[in-house]
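What follows is a short report on a single structure.
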Amino acid sequence: MNDLYRAIADPTRRVILDELVERDGQSLFELCGRLAMKHGIGSSRQAISQHLEVLESAGLVIVRREGRYKFHWFNGEPLRAIAERWPTKDPGETSR
């Protein structure tokens with residue numbers, strides 16, 4: 001669970017996840033282009049690749065290789081585990 005919190009603590013990684021939610025199955029090249037054009041993030045491909053490795057370690061990104069390319073997909077299951085751990089109550093609901 002600590003890997004998950006560390007992964008989502010970084011704003012660049014959260015933007016990467018947003019991009020994968022919007023368009024799954026992107027290569028590193030595609031992600032770098034979208035991050036630069038839409039968000040003004042000019043990080044190197046190596047830096048984005050390192051962010052993707054952190055997200056993959058946390059289980060938030062699934063990677064599939066096709067030849068020389070790696071494609072990345074968002075996996076929301078780890079985030080659902082957080083929501084299940086701390087269910088929310090309605091504002092008017094009281095504890096017993």
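Within each chain, counting starts at residue 1; across the structure tokens, chains are named A, B, ... in the order shown, with ligands numbered 1 upward in that order.
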DSSP-assigned alpha helix (DSSP H) among chain A, expressed as a short mmCIF file (atom, residue, chain, number, x, y, z; two decimals) with C-alpha atoms, in the first residue's frame:
```
data_model
loop_
_atom_site.label_atom_id
_atom_site.label_comp_id
_atom_site.auth_asym_id
_atom_site.auth_seq_id
_atom_site.Cartn_x
_atom_site.Cartn_y
_atom_site.Cartn_z
CA ASN A 2 2.94 2.37 0.65
CA ASP A 3 4.01 2.07 -3.01
CA LEU A 4 0.53 3.17 -4.01
CA TYR A 5 0.58 6.30 -1.84
CA ARG A 6 4.09 7.16 -3.01
CA ALA A 7 3.02 6.73 -6.63
CA ILE A 8 0.01 9.03 -6.44
CA ALA A 9 1.81 11.65 -4.31
CA PRO A 11 1.72 15.46 -9.54
CA THR A 12 3.40 14.30 -12.77
CA ARG A 13 2.40 10.70 -12.08
CA ARG A 14 -1.19 11.80 -11.43
CA VAL A 15 -1.22 13.56 -14.83
CA ILE A 16 0.17 10.40 -16.45
CA LEU A 17 -2.69 8.41 -14.90
CA ASP A 18 -5.19 11.03 -16.13
CA GLU A 19 -3.81 10.63 -19.65
CA LEU A 20 -4.09 6.84 -19.48
CA VAL A 21 -7.66 7.09 -18.22
CA GLU A 22 -8.45 9.35 -21.17
CA LEU A 28 6.11 6.11 -24.00
CA PHE A 29 6.50 8.29 -27.11
CA GLU A 30 2.75 9.01 -27.24
CA LEU A 31 2.58 9.80 -23.52
CA CYS A 32 5.54 12.18 -23.71
CA GLY A 33 3.91 14.02 -26.61
CA ARG A 34 0.55 14.36 -24.87
CA LEU A 35 2.17 15.47 -21.60
CA ALA A 36 4.16 18.16 -23.42
CA MET A 37 1.31 19.41 -25.62
CA LYS A 38 -1.59 19.30 -23.15
CA HIS A 39 0.13 19.92 -19.83
CA ARG A 45 11.52 10.29 -21.96
CA GLN A 46 13.82 8.75 -19.36
CA ALA A 47 12.12 10.73 -16.57
CA ILE A 48 8.63 9.75 -17.78
CA SER A 49 9.80 6.15 -18.08
CA GLN A 50 10.91 6.25 -14.43
CA HIS A 51 7.51 7.64 -13.41
CA LEU A 52 5.84 4.81 -15.32
CA GLU A 53 8.00 2.26 -13.50
CA VAL A 54 6.85 3.65 -10.14
CA LEU A 55 3.22 3.49 -11.29
CA GLU A 56 3.72 -0.06 -12.54
CA SER A 57 5.31 -1.12 -9.22
CA GLU A 77 -8.01 -1.78 -8.79
CA PRO A 78 -5.44 -0.53 -6.26
CA LEU A 79 -7.41 2.72 -5.87
CA ARG A 80 -10.61 0.75 -5.28
CA ALA A 81 -8.83 -1.00 -2.41
CA ILE A 82 -8.34 2.39 -0.73
CA ALA A 83 -12.02 3.25 -1.14
CA GLU A 84 -13.01 -0.11 0.36
CA ARG A 85 -10.62 0.34 3.26
#
```
Quick one: residues within 6 Å of segment 59-72 of chain A, only C-alpha atoms counted, chain neighbours fewer than 6 positions away excluded, as a VMD selection string? chain A and resid 25 to 27
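Between atom CA of Ser44 of chain A and atom CA of Asp24 of chain A lies a distance of 20.7 Å.
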DSSP strand (DSSP E) selection over chain A, as a VMD selection string: chain A and resid 26 to 27 61 to 66 69 to 74
Save the residues we just selected, C-alpha atoms, as a PDB file, in the first residue's frame?
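This is the output file out08.pdb:
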```
ATOM      1  CA  GLN A  26      -0.204   4.487 -25.079  1.00  0.00           C
ATOM      2  CA  SER A  27       3.475   4.068 -25.801  1.00  0.00           C
ATOM      3  CA  VAL A  61      -0.181   0.776 -14.717  1.00  0.00           C
ATOM      4  CA  ILE A  62      -0.126  -2.467 -16.662  1.00  0.00           C
ATOM      5  CA  VAL A  63       2.491  -2.820 -19.390  1.00  0.00           C
ATOM      6  CA  ARG A  64       2.434  -4.984 -22.496  1.00  0.00           C
ATOM      7  CA  ARG A  65       5.381  -5.349 -24.864  1.00  0.00           C
ATOM      8  CA  GLU A  66       4.916  -5.564 -28.598  1.00  0.00           C
ATOM      9  CA  TYR A  69       7.458  -0.971 -27.878  1.00  0.00           C
ATOM     10  CA  LYS A  70       5.816  -1.010 -24.481  1.00  0.00           C
ATOM     11  CA  PHE A  71       2.182   0.007 -24.181  1.00  0.00           C
ATOM     12  CA  HIS A  72       0.681   1.256 -20.923  1.00  0.00           C
ATOM     13  CA  TRP A  73      -2.821   0.798 -19.486  1.00  0.00           C
ATOM     14  CA  PHE A  74      -4.420   2.261 -16.385  1.00  0.00           C
TER      15      PHE A  74
END
```
